[in-house]
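Down below is the structure, laid out as C-alpha cells.
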Amino acid sequence: MKFLIFLLVPLFLSCDHHPKRGAITKDTTTTISDTTEETELSNEEYLSLRKSEIDSLFLKNKDSLTYNDEDNRGTLRIGHLFSHEQQEALFRYYENDSTEHVVIIRQSGTKWDTIFSAVISPAQYGNFSDFIVISDFNGDHIPDLKVLKFFWDIHVGERSDLWLYRNKRFVKVKNFDHIVSAEYWDKTGLIYSYQSDGCADMAMRFGVYKIVADTVQQIDFRYCNCCDPADSCEITKGKNSFKVPYKSAYKYVPAYFQDGVKEKLEM
C-alpha cells in the first residue's frame, strides 16, 4: 500500500530549509472547512481531504518535539510516543467510513521509517473521543497502542484492538476486542471493563482481565442489579447469586469501580 506521506517526505527532506527543532509555528494550512462545504462532497472525498490535511500538518510540524491534531476523521501525533531515544509520528485516517488505517513512522537521521501499519475493517466512523490511546496496558511501563474499532451511544461503550509494544515490535493482543471499554489499572496490573445494562444505569456488568503472553484472559465477571424496588441489589458472580443492602452493593463490585458505584448509589 502506498501512502501519500511517504511520497512527500523525501521531497521535503531534500529542501535546504529545515524548521528549528522544537518550534511549533502557527498553522497556516488551509483546512477543509476553508475551501469546501461538507455537503458538496461524498463521504469518501471528505475523508480523503482530511488525510491530505494530516499529511500537510506532518510536513509543517515534523521537527516539533510534540504535536497533536485529532478529531473523529483522523489523527496526527508526533513525539517520543514509544521510544525515549527517537521521534515517532502516528497517522490515523479513513479510506472510507468503514475502513481505518493506522501508520507509525520513526525518525532515523533524516529519514522516517515505517515501524507499524494496520488496516482495521470494519471500523466505525463517527463522533467519539479517544480513537487512539497510547498507554501501558501490561505493567511493563512501556506505552502500548489501543485503537478504537466500535462504539455505541446507548449505554455508552466501545471495543478496541490493542498492540503491546515489546522488544521494539508491536504485538497484537488476541481477544482484546471482546472487552467493553477496557481500562488498565497499574495498582493491580489488571484490565477492567464496565457496561451499563440499563435501568437508569443501575444494572451493571463488570469484567476483570489479564494479558498472558499475547492473549486476554478473563479472571472475573460480576453482575450488579440495583433495580429492585425493595431497596436491595442482586449480585451475580459465576453461578452464585445473592442480595445485599442497596447502599452496600459497591463493596461487591471490583475495587476499580467501587468509589464510582458508591457515589451513584448515594445519589
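Just remember, in the C-alpha cells the first chain shown is A, the second B, etc., residues are 1-based per chain, and ligands are 1-based in the order shown.
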
Proximity check region 44-153 of chain A to region 169-181 of chain A, 12 Å, nearest pairs one decimal Å, only C-alpha atoms, as JSON lines:
```
{"residue": "A:Phe82", "atom": "CA", "partner": "A:Phe170", "partner_atom": "CA", "distance": 10.3}
{"residue": "A:Ser83", "atom": "CA", "partner": "A:Arg169", "partner_atom": "CA", "distance": 11.4}
{"residue": "A:Val103", "atom": "CA", "partner": "A:Phe170", "partner_atom": "CA", "distance": 11.8}
{"residue": "A:Ile104", "atom": "CA", "partner": "A:Phe170", "partner_atom": "CA", "distance": 10.5}
{"residue": "A:Thr114", "atom": "CA", "partner": "A:Arg169", "partner_atom": "CA", "distance": 11.7}
{"residue": "A:Ile115", "atom": "CA", "partner": "A:Arg169", "partner_atom": "CA", "distance": 7.9}
{"residue": "A:Phe116", "atom": "CA", "partner": "A:Phe170", "partner_atom": "CA", "distance": 7.1}
{"residue": "A:Ser117", "atom": "CA", "partner": "A:Phe170", "partner_atom": "CA", "distance": 9.7}
{"residue": "A:Ala118", "atom": "CA", "partner": "A:Lys172", "partner_atom": "CA", "distance": 10.3}
{"residue": "A:Ile120", "atom": "CA", "partner": "A:Asp177", "partner_atom": "CA", "distance": 11.9}
{"residue": "A:Ala123", "atom": "CA", "partner": "A:Asp177", "partner_atom": "CA", "distance": 11.8}
{"residue": "A:Asp130", "atom": "CA", "partner": "A:Ser181", "partner_atom": "CA", "distance": 10.9}
{"residue": "A:Phe131", "atom": "CA", "partner": "A:Ser181", "partner_atom": "CA", "distance": 11.9}
{"residue": "A:Val133", "atom": "CA", "partner": "A:Ser181", "partner_atom": "CA", "distance": 11.8}
{"residue": "A:Phe137", "atom": "CA", "partner": "A:Val173", "partner_atom": "CA", "distance": 10.5}
{"residue": "A:Asn138", "atom": "CA", "partner": "A:Val173", "partner_atom": "CA", "distance": 10.6}
{"residue": "A:Ile142", "atom": "CA", "partner": "A:Phe170", "partner_atom": "CA", "distance": 11.6}
{"residue": "A:Pro143", "atom": "CA", "partner": "A:Phe170", "partner_atom": "CA", "distance": 10.7}
{"residue": "A:Asp144", "atom": "CA", "partner": "A:Phe170", "partner_atom": "CA", "distance": 8.2}
{"residue": "A:Leu145", "atom": "CA", "partner": "A:Phe170", "partner_atom": "CA", "distance": 8.3}
{"residue": "A:Lys146", "atom": "CA", "partner": "A:Phe176", "partner_atom": "CA", "distance": 9.6}
{"residue": "A:Val147", "atom": "CA", "partner": "A:Asp177", "partner_atom": "CA", "distance": 9.8}
{"residue": "A:Leu148", "atom": "CA", "partner": "A:Asp177", "partner_atom": "CA", "distance": 9.1}
{"residue": "A:Lys149", "atom": "CA", "partner": "A:Asp177", "partner_atom": "CA", "distance": 8.1}
{"residue": "A:Phe150", "atom": "CA", "partner": "A:Asp177", "partner_atom": "CA", "distance": 9.2}
{"residue": "A:Phe151", "atom": "CA", "partner": "A:Ser181", "partner_atom": "CA", "distance": 9.0}
{"residue": "A:Trp152", "atom": "CA", "partner": "A:Val180", "partner_atom": "CA", "distance": 10.6}
```

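Secondary structure from DSSP on the backbone puts helix (DSSP H, G or I) at the following positions of region 37-132 of chain A: Glu38, Thr39, Glu40, Asn43, Glu44, Glu45, Tyr46, Leu47, Ser48, Leu49, Arg50, Lys51, Ser52, Glu53, Ile54, Asp55, Ser56, Leu57, Phe58, Leu59, Lys60 and Asn61 of chain A.
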
Could you build a table of the residues in region 69-152 of chain A lying no more than 8 Å from region 39-51 of chain A, giving for each the nearest pair of atoms and their separation in Å rounded to one decimal place, using only C-alpha atoms, ordered by chain and ascending residue number, as a tab-separated table?
```
residue	atom	partner	partner_atom	distance
A:Arg73	CA	A:Leu47	CA	6.5
A:Gly74	CA	A:Arg50	CA	6.9
A:Tyr93	CA	A:Lys51	CA	5.9
A:Tyr94	CA	A:Leu47	CA	6.2
A:Glu95	CA	A:Glu44	CA	7.0
A:Asn96	CA	A:Glu44	CA	5.1
A:Asp97	CA	A:Glu44	CA	7.1
```

Using only N, CA, C and O atoms, please write the residues we just selected to a file, as a tab-separated table (two decimals), in the first residue's frame.
```tsv
chain	number	residue	atom	x	y	z
A	73	ARG	N	-12.25	12.36	12.30
A	73	ARG	CA	-11.86	11.97	10.94
A	73	ARG	C	-10.41	11.52	10.83
A	73	ARG	O	-10.04	10.88	9.84
A	74	GLY	N	-9.58	11.85	11.81
A	74	GLY	CA	-8.19	11.44	11.69
A	74	GLY	C	-7.33	11.96	12.83
A	74	GLY	O	-7.76	12.79	13.63
A	93	TYR	N	-6.25	7.57	9.69
A	93	TYR	CA	-7.14	8.16	8.69
A	93	TYR	C	-8.05	7.08	8.13
A	93	TYR	O	-7.81	5.89	8.30
A	94	TYR	N	-9.09	7.50	7.44
A	94	TYR	CA	-10.09	6.58	6.88
A	94	TYR	C	-9.97	6.51	5.36
A	94	TYR	O	-9.82	7.53	4.69
A	95	GLU	N	-10.03	5.30	4.87
A	95	GLU	CA	-10.14	5.09	3.43
A	95	GLU	C	-11.58	5.33	2.99
A	95	GLU	O	-11.86	5.86	1.93
A	96	ASN	N	-12.52	4.90	3.83
A	96	ASN	CA	-13.94	5.16	3.67
A	96	ASN	C	-14.55	5.09	5.07
A	96	ASN	O	-13.80	5.00	6.06
A	97	ASP	N	-15.86	5.14	5.18
A	97	ASP	CA	-16.46	5.22	6.51
A	97	ASP	C	-16.50	3.88	7.25
A	97	ASP	O	-17.11	3.77	8.31
```

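By chain and then residue number, the residues within 12 Å of Gly260 (chain A) are A:Tyr194, A:Asp201, A:Met204, A:Ala249, A:Tyr250, A:Lys251, A:Val253, A:Pro254, A:Ala255, A:Leu265, A:Glu266, A:Met267, counting only C-alpha atoms and disregarding those fewer than 5 positions away in sequence.
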
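Nearest to Val244 (chain A) of all the residues A:Cys226, A:Val102, A:Leu65, A:Leu90 is A:Cys226, counting only C-alpha atoms.
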
> Pick the closest to Tyr165 (chain A) from A:Ser129, A:Cys227, A:Leu81, A:Lys187: which is it, counting only C-alpha atoms?
Replying inline: A:Leu81

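For the pair CA of Tyr209 (chain A) and CA of Tyr192 (chain A), the interatomic distance is 6.3 Å.
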
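CA of Leu76 (chain A) to CA of Ser108 (chain A) spans 18.7 Å [interatomic distance, one decimal].
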
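Between CA of Gln107 (chain A) and CA of Gln86 (chain A) there is a distance of 6.3 Å.
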
Check the DSSP output for the backbone and give back, as an mmCIF file with C-alpha atoms, in the first residue's frame, the residues of region 33-248 of chain A in strand (DSSP E or B).
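Contents of part_27.cif, freshly written:
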```cif
data_model
loop_
_atom_site.group_PDB
_atom_site.id
_atom_site.type_symbol
_atom_site.label_atom_id
_atom_site.label_comp_id
_atom_site.auth_asym_id
_atom_site.auth_seq_id
_atom_site.Cartn_x
_atom_site.Cartn_y
_atom_site.Cartn_z
ATOM 1 C CA TYR A 67 2.404 17.773 18.216
ATOM 2 C CA ASN A 68 -1.177 16.518 18.340
ATOM 3 C CA ASP A 69 -4.079 17.082 15.971
ATOM 4 C CA GLU A 70 -7.071 14.789 16.326
ATOM 5 C CA ASP A 71 -10.768 14.641 15.545
ATOM 6 C CA GLY A 74 -8.187 11.445 11.695
ATOM 7 C CA THR A 75 -5.167 11.773 13.974
ATOM 8 C CA LEU A 76 -1.614 13.059 13.775
ATOM 9 C CA ARG A 77 0.654 12.683 16.807
ATOM 10 C CA ILE A 78 4.352 13.463 16.895
ATOM 11 C CA GLY A 79 6.749 12.899 19.781
ATOM 12 C CA GLU A 88 7.724 8.878 16.067
ATOM 13 C CA ALA A 89 4.690 10.078 14.179
ATOM 14 C CA LEU A 90 1.322 8.325 14.250
ATOM 15 C CA PHE A 91 -1.242 8.753 11.482
ATOM 16 C CA ARG A 92 -4.856 7.612 11.669
ATOM 17 C CA TYR A 93 -7.141 8.162 8.686
ATOM 18 C CA TYR A 94 -10.088 6.577 6.881
ATOM 19 C CA GLU A 95 -10.141 5.086 3.431
ATOM 20 C CA ASN A 96 -13.945 5.162 3.672
ATOM 21 C CA THR A 99 -12.004 1.163 6.771
ATOM 22 C CA GLU A 100 -9.425 2.798 9.022
ATOM 23 C CA HIS A 101 -5.639 2.965 8.603
ATOM 24 C CA VAL A 102 -3.102 3.464 11.389
ATOM 25 C CA VAL A 103 0.538 4.052 10.466
ATOM 26 C CA ILE A 104 3.511 4.798 12.727
ATOM 27 C CA ILE A 105 6.822 6.048 11.364
ATOM 28 C CA ARG A 106 10.074 6.614 13.275
ATOM 29 C CA GLN A 107 12.805 9.145 12.586
ATOM 30 C CA SER A 108 16.257 7.794 11.873
ATOM 31 C CA LYS A 111 14.685 9.549 7.225
ATOM 32 C CA TRP A 112 11.385 8.300 8.613
ATOM 33 C CA ASP A 113 10.864 4.545 8.529
ATOM 34 C CA THR A 114 7.560 2.706 8.906
ATOM 35 C CA ILE A 115 7.523 0.634 12.112
ATOM 36 C CA PHE A 116 3.802 -0.194 12.223
ATOM 37 C CA SER A 117 0.909 -0.350 9.791
ATOM 38 C CA ALA A 118 -2.592 -1.725 10.326
ATOM 39 C CA VAL A 119 -5.864 -1.701 8.426
ATOM 40 C CA ILE A 120 -8.946 -2.006 10.627
ATOM 41 C CA ILE A 132 -6.154 6.384 19.845
ATOM 42 C CA VAL A 133 -4.844 5.617 23.338
ATOM 43 C CA ILE A 134 -1.081 5.322 23.904
ATOM 44 C CA SER A 135 -0.639 3.947 27.406
ATOM 45 C CA ASP A 144 1.137 0.295 24.158
ATOM 46 C CA LEU A 145 -1.281 1.127 21.346
ATOM 47 C CA LYS A 146 -5.064 0.916 21.699
ATOM 48 C CA VAL A 147 -7.143 1.695 18.591
ATOM 49 C CA LEU A 148 -10.920 2.127 18.697
ATOM 50 C CA LYS A 149 -12.990 -0.176 16.468
ATOM 51 C CA PHE A 150 -16.639 0.241 17.521
ATOM 52 C CA PHE A 151 -18.615 2.416 19.901
ATOM 53 C CA TRP A 152 -22.248 2.937 20.846
ATOM 54 C CA GLY A 157 -19.269 1.736 25.474
ATOM 55 C CA GLU A 158 -16.571 0.810 22.989
ATOM 56 C CA ARG A 159 -14.428 -2.056 21.739
ATOM 57 C CA SER A 160 -10.849 -1.647 20.584
ATOM 58 C CA ASP A 161 -7.809 -3.517 19.326
ATOM 59 C CA LEU A 162 -4.601 -3.488 21.379
ATOM 60 C CA TRP A 163 -0.978 -3.874 20.339
ATOM 61 C CA LEU A 164 1.675 -4.312 23.013
ATOM 62 C CA TYR A 165 4.978 -2.613 22.244
ATOM 63 C CA ARG A 166 7.513 -5.266 23.168
ATOM 64 C CA ARG A 169 7.805 -4.698 17.928
ATOM 65 C CA PHE A 170 4.034 -4.288 18.056
ATOM 66 C CA VAL A 171 2.287 -7.491 19.118
ATOM 67 C CA LYS A 172 -1.486 -7.698 18.676
ATOM 68 C CA LYS A 174 -5.829 -11.753 20.898
ATOM 69 C CA GLU A 183 -9.120 0.305 31.225
ATOM 70 C CA TYR A 184 -5.797 -0.704 32.775
ATOM 71 C CA TRP A 185 -5.128 -0.200 36.500
ATOM 72 C CA LEU A 190 -5.252 -5.904 35.504
ATOM 73 C CA ILE A 191 -7.703 -4.636 32.879
ATOM 74 C CA TYR A 192 -11.233 -3.647 33.884
ATOM 75 C CA SER A 193 -14.484 -3.439 31.955
ATOM 76 C CA TYR A 194 -17.793 -1.761 32.728
ATOM 77 C CA GLN A 195 -21.042 -1.878 30.782
ATOM 78 C CA SER A 196 -24.388 -0.410 31.775
ATOM 79 C CA ALA A 203 -27.904 -2.645 36.210
ATOM 80 C CA MET A 204 -24.158 -3.024 35.808
ATOM 81 C CA ARG A 205 -21.772 -5.558 34.258
ATOM 82 C CA PHE A 206 -18.142 -5.739 35.402
ATOM 83 C CA GLY A 207 -15.283 -7.732 33.945
ATOM 84 C CA VAL A 208 -11.670 -8.195 35.053
ATOM 85 C CA TYR A 209 -8.976 -9.444 32.682
ATOM 86 C CA LYS A 210 -5.261 -10.015 32.448
ATOM 87 C CA ILE A 211 -2.920 -10.335 29.500
ATOM 88 C CA VAL A 212 -0.965 -13.579 29.377
ATOM 89 C CA THR A 215 -3.838 -13.235 24.803
ATOM 90 C CA VAL A 216 -6.523 -11.783 27.061
ATOM 91 C CA GLN A 217 -7.888 -13.996 29.822
ATOM 92 C CA GLN A 218 -10.999 -13.173 31.856
ATOM 93 C CA ILE A 219 -10.478 -13.734 35.576
ATOM 94 C CA ASP A 220 -13.702 -12.277 36.991
ATOM 95 C CA PHE A 221 -17.209 -11.275 35.916
ATOM 96 C CA ARG A 222 -19.890 -9.776 38.120
ATOM 97 C CA TYR A 223 -23.402 -8.522 37.535
ATOM 98 C CA CYS A 224 -24.909 -5.979 39.925
ATOM 99 C CA ASN A 225 -28.656 -5.362 39.616
ATOM 100 C CA CYS A 226 -29.891 -2.497 41.777
ATOM 101 C CA CYS A 227 -33.278 -2.112 40.077
ATOM 102 C CA ASP A 228 -35.144 -3.953 42.845
ATOM 103 C CA SER A 232 -31.675 -4.137 47.629
ATOM 104 C CA CYS A 233 -29.222 -5.186 44.949
ATOM 105 C CA GLU A 234 -28.692 -8.612 43.455
ATOM 106 C CA ILE A 235 -25.077 -9.622 42.930
ATOM 107 C CA THR A 236 -24.253 -12.423 40.491
ATOM 108 C CA LYS A 237 -20.773 -13.930 40.364
ATOM 109 C CA ASN A 240 -23.814 -17.733 42.597
ATOM 110 C CA SER A 241 -26.401 -15.022 43.132
ATOM 111 C CA PHE A 242 -27.320 -13.219 46.348
ATOM 112 C CA LYS A 243 -28.914 -9.983 47.550
ATOM 113 C CA VAL A 244 -27.206 -7.234 49.547
ATOM 114 C CA PRO A 245 -28.409 -3.928 51.025
#
```
